[in-house]
Amino acid sequence: MTPALVLFDLDGTLVDSRPGIVHSLRLALSEVGVVVEEGHDFTWCIGASLWKIFEHYLGTTERPRIDAAIARYRHIYRDGPMFEYDVYDGVISTLETLKSANIRIAIATAKVHEYAREIIAVSRFAPYIDHVYGSELDGRNVEKRDLLHSILREERLQPDTVVMVGDRHHDIDGALANGVSSIGVLYGYGTEDELSHADIMVPHASFLVSAIASLTPASR
């Protein structure tokens with residue numbers, strides 16, 4: 001089966017964006033009075049909801065405080081750090097191959113869609129991306145299950161014609177919740193255990209084309 005649409009997560013799947021995200025988180029947390037140790041591991045934050053991240057570090061569920069911290073993070077991130085990333089090895093050739101096979105390619109990210117579109121517009125892989133789907137400023141569709149549900153509805157596609165590619169459990173869980181095939185990439189921020197519910201796991205982007213081609217309804 002040739003999928004009608006392949007969805008790619010952004011951070012940890014197409015790009016290594018840790019430097020810009022960590023830079024922005026450190027500054028935003030410092031501005032709201034939260035100091036973390038120099039060697040603190042922010043890996044769990046990559047791909048997670050900003051509301052969950054700041055709820056954790058602020059130690060509160062008080063929405064106004066969380067919203068204020070998110071606003072500071074976004075201001076810092078958009079002012080430059082969102083462009084601090086490296087494209088993973090093999091990504092460009094993978095997207096080029098999929099595009100040459102007339103497969104539609106879209107981004108499905110927890111990032112606010114307008115930010116994601118700015119990042120992708122000036123990226124090396126912009127020519128291969130048909131559409132960018134992301135969350136809203138108020139937090140709608142920040143969870144992958146909600147985002148994928150919205151994408152399927154907007155694209156008017158059956159779940160078995162779509163493949164989700166991502167590096168975190170959010171991506172795999174969202175695909176499972178919507179009946180969509182999933183591929184977990186092990187070169188990003190997720191562990192093999194975290195991605196164990198994916199239909200397929202790959203160690204490098206160069207394996208993605210063959211993995212996508214293998215995901216027929218009969219194999220699921």
# chains A, B, ... in the order shown; residues from 1 in each chain; ligands from 1
>>> residues_around(residues="segment 84-96 of chain A", least_positions_apart="3", cutoff="9 Å", atoms="only C-alpha atoms", output="PyMOL selection string")
chain A and resi 11-21+80-81+99-101+105+123-125+127-129+187-188+204-209
>>> select_by_dssp(residues="segment 3-214 of chain A", states="helix (DSSP H, G or I)", output="VMD selection string")
chain A and resid 18 to 31 43 to 45 50 to 58 63 to 78 81 to 83 91 to 100 113 to 121 126 to 128 144 to 155 159 to 161 169 to 177 205 to 214
>>> closest_residue(among="A:Met201, A:Ala68, A:Ile53, A:Val6", to="Ile151 of chain A", atoms="only C-alpha atoms")
A:Val6
>>> closest_residue(among="A:Tyr189, A:Trp44, A:Phe8, A:Tyr115", to="Arg78 of chain A", atoms="only C-alpha atoms")
A:Tyr115
>>> residues_around(residues="segment 24-35 of chain A", least_positions_apart="3", cutoff="8 Å", atoms="only C-alpha atoms", output="list in words")
Gly20, Ile21, Tyr57, Leu58, Ala69, Ile70, Arg72, Tyr73, Ile76, Tyr77 and Pro81 of chain A
>>> write_last_selection(atoms="N, CA and C atoms", output="mmCIF file, in the first residue's frame")
data_model
loop_
_atom_site.group_PDB
_atom_site.id
_atom_site.type_symbol
_atom_site.label_atom_id
_atom_site.label_comp_id
_atom_site.auth_asym_id
_atom_site.auth_seq_id
_atom_site.Cartn_x
_atom_site.Cartn_y
_atom_site.Cartn_z
ATOM 1 N N GLY A 20 18.063 24.873 20.985
ATOM 2 C CA GLY A 20 17.154 26.014 21.047
ATOM 3 C C GLY A 20 16.076 25.861 22.098
ATOM 4 N N ILE A 21 15.564 24.646 22.252
ATOM 5 C CA ILE A 21 14.513 24.398 23.239
ATOM 6 C C ILE A 21 15.057 24.541 24.657
ATOM 7 N N TYR A 57 7.504 22.256 36.376
ATOM 8 C CA TYR A 57 8.575 23.070 36.955
ATOM 9 C C TYR A 57 8.063 24.149 37.905
ATOM 10 N N LEU A 58 6.859 24.638 37.667
ATOM 11 C CA LEU A 58 6.293 25.636 38.578
ATOM 12 C C LEU A 58 5.628 24.994 39.792
ATOM 13 N N ALA A 69 4.193 31.925 32.013
ATOM 14 C CA ALA A 69 5.503 31.300 31.777
ATOM 15 C C ALA A 69 5.627 30.849 30.326
ATOM 16 N N ILE A 70 4.550 30.304 29.786
ATOM 17 C CA ILE A 70 4.552 29.871 28.380
ATOM 18 C C ILE A 70 4.740 31.071 27.451
ATOM 19 N N ARG A 72 6.398 33.786 28.093
ATOM 20 C CA ARG A 72 7.809 34.163 28.143
ATOM 21 C C ARG A 72 8.641 33.193 27.314
ATOM 22 N N TYR A 73 8.369 31.908 27.462
ATOM 23 C CA TYR A 73 9.101 30.901 26.675
ATOM 24 C C TYR A 73 8.938 31.175 25.181
ATOM 25 N N ILE A 76 10.936 34.196 23.960
ATOM 26 C CA ILE A 76 12.370 33.887 23.883
ATOM 27 C C ILE A 76 12.654 32.969 22.699
ATOM 28 N N TYR A 77 11.854 31.923 22.579
ATOM 29 C CA TYR A 77 12.066 30.905 21.538
ATOM 30 C C TYR A 77 11.941 31.496 20.141
ATOM 31 N N PRO A 81 16.118 31.272 19.081
ATOM 32 C CA PRO A 81 16.439 29.878 19.385
ATOM 33 C C PRO A 81 15.655 28.839 18.595
#
>>> residues_around(residues="segment 167-172 of chain A", least_positions_apart="2", cutoff="8 Å", atoms="only C-alpha atoms", output="count of residues only")
27
>>> atom_distance(atom1="atom CA of Gly139 of chain A", atom2="atom CA of Pro64 of chain A")
13.3 Å
>>> closest_residue(among="A:Asp173, A:Glu55, A:Asp199, A:Asp160", to="Asp146 of chain A", atoms="only C-alpha atoms")
A:Asp173
>>> closest_residue(among="A:Pro203, A:Arg156, A:Leu50, A:Ala116", to="Arg140 of chain A", atoms="only C-alpha atoms")
A:Leu50
>>> atom_distance(atom1="atom CA of Val202 of chain A", atom2="atom CA of Leu10 of chain A")
16.2 Å
>>> atom_distance(atom1="atom CA of Ala126 of chain A", atom2="atom CA of Asp138 of chain A")
26.2 Å
>>> closest_residue(among="A:His113, A:Gly166, A:Pro159, A:Ile200", to="Asn141 of chain A", atoms="only C-alpha atoms")
A:His113
>>> closest_residue(among="A:Ala108, A:Leu137, A:Val180, A:Leu157", to="Trp51 of chain A", atoms="only C-alpha atoms")
A:Leu137
>>> select_by_dssp(residues="segment 96-160 of chain A", states="strand (DSSP E or B)", output="short mmCIF file (atom, residue, chain, number, x, y, z; two decimals) with N, CA and C atoms, in the first residue's frame")
data_model
loop_
_atom_site.label_atom_id
_atom_site.label_comp_id
_atom_site.auth_asym_id
_atom_site.auth_seq_id
_atom_site.Cartn_x
_atom_site.Cartn_y
_atom_site.Cartn_z
N ARG A 104 2.07 12.42 -0.28
CA ARG A 104 1.93 13.70 0.42
C ARG A 104 2.61 13.61 1.77
N ILE A 105 3.31 14.67 2.13
CA ILE A 105 4.07 14.73 3.37
C ILE A 105 3.60 15.93 4.17
N ALA A 106 3.30 15.70 5.45
CA ALA A 106 2.89 16.80 6.32
C ALA A 106 3.60 16.70 7.66
N ILE A 107 3.71 17.82 8.31
CA ILE A 107 4.27 17.88 9.66
C ILE A 107 3.12 17.81 10.66
N ALA A 108 3.31 17.01 11.72
CA ALA A 108 2.34 16.95 12.83
C ALA A 108 3.13 17.18 14.11
N THR A 109 3.11 18.40 14.60
CA THR A 109 3.94 18.78 15.74
C THR A 109 3.12 19.41 16.85
N ALA A 110 3.62 19.25 18.07
CA ALA A 110 2.98 19.89 19.22
C ALA A 110 3.27 21.39 19.25
N LYS A 111 4.25 21.84 18.45
CA LYS A 111 4.53 23.27 18.37
C LYS A 111 3.31 24.02 17.83
N VAL A 112 3.21 25.27 18.19
CA VAL A 112 2.19 26.13 17.58
C VAL A 112 2.44 26.16 16.08
N HIS A 131 2.14 20.31 3.89
CA HIS A 131 1.34 21.06 4.86
C HIS A 131 1.97 20.92 6.24
N VAL A 132 1.70 21.91 7.09
CA VAL A 132 2.19 21.88 8.47
C VAL A 132 1.00 21.97 9.42
N TYR A 133 0.86 20.94 10.25
CA TYR A 133 -0.18 20.92 11.27
C TYR A 133 0.48 21.04 12.65
N GLY A 134 -0.09 21.88 13.49
CA GLY A 134 0.44 22.04 14.84
C GLY A 134 -0.66 22.44 15.80
N SER A 135 -0.25 22.84 16.99
CA SER A 135 -1.21 23.22 18.01
C SER A 135 -1.61 24.69 17.86
#
>>> decode(residues="segment 83-106 of chain A", atoms="C-alpha atoms", output="mmCIF file, in the first residue's frame")
data_model
loop_
_atom_site.group_PDB
_atom_site.id
_atom_site.type_symbol
_atom_site.label_atom_id
_atom_site.label_comp_id
_atom_site.auth_asym_id
_atom_site.auth_seq_id
_atom_site.Cartn_x
_atom_site.Cartn_y
_atom_site.Cartn_z
ATOM 1 C CA PHE A 83 16.163 28.226 14.415
ATOM 2 C CA GLU A 84 18.893 26.505 16.465
ATOM 3 C CA TYR A 85 18.670 22.976 15.079
ATOM 4 C CA ASP A 86 20.401 20.441 12.845
ATOM 5 C CA VAL A 87 18.632 18.289 10.255
ATOM 6 C CA TYR A 88 19.183 14.596 10.993
ATOM 7 C CA ASP A 89 21.312 12.583 8.597
ATOM 8 C CA GLY A 90 19.219 10.868 5.920
ATOM 9 C CA VAL A 91 16.137 13.058 6.355
ATOM 10 C CA ILE A 92 16.473 15.077 3.148
ATOM 11 C CA SER A 93 17.010 12.035 0.925
ATOM 12 C CA THR A 94 14.091 10.247 2.617
ATOM 13 C CA LEU A 95 11.707 13.139 1.991
ATOM 14 C CA GLU A 96 12.949 13.476 -1.576
ATOM 15 C CA THR A 97 12.286 9.781 -2.250
ATOM 16 C CA LEU A 98 8.793 9.930 -0.774
ATOM 17 C CA LYS A 99 7.983 13.050 -2.753
ATOM 18 C CA SER A 100 9.199 11.465 -5.994
ATOM 19 C CA ALA A 101 6.712 8.638 -5.321
ATOM 20 C CA ASN A 102 3.898 11.247 -5.176
ATOM 21 C CA ILE A 103 3.295 10.695 -1.464
ATOM 22 C CA ARG A 104 1.929 13.696 0.424
ATOM 23 C CA ILE A 105 4.072 14.726 3.369
ATOM 24 C CA ALA A 106 2.886 16.801 6.318
#
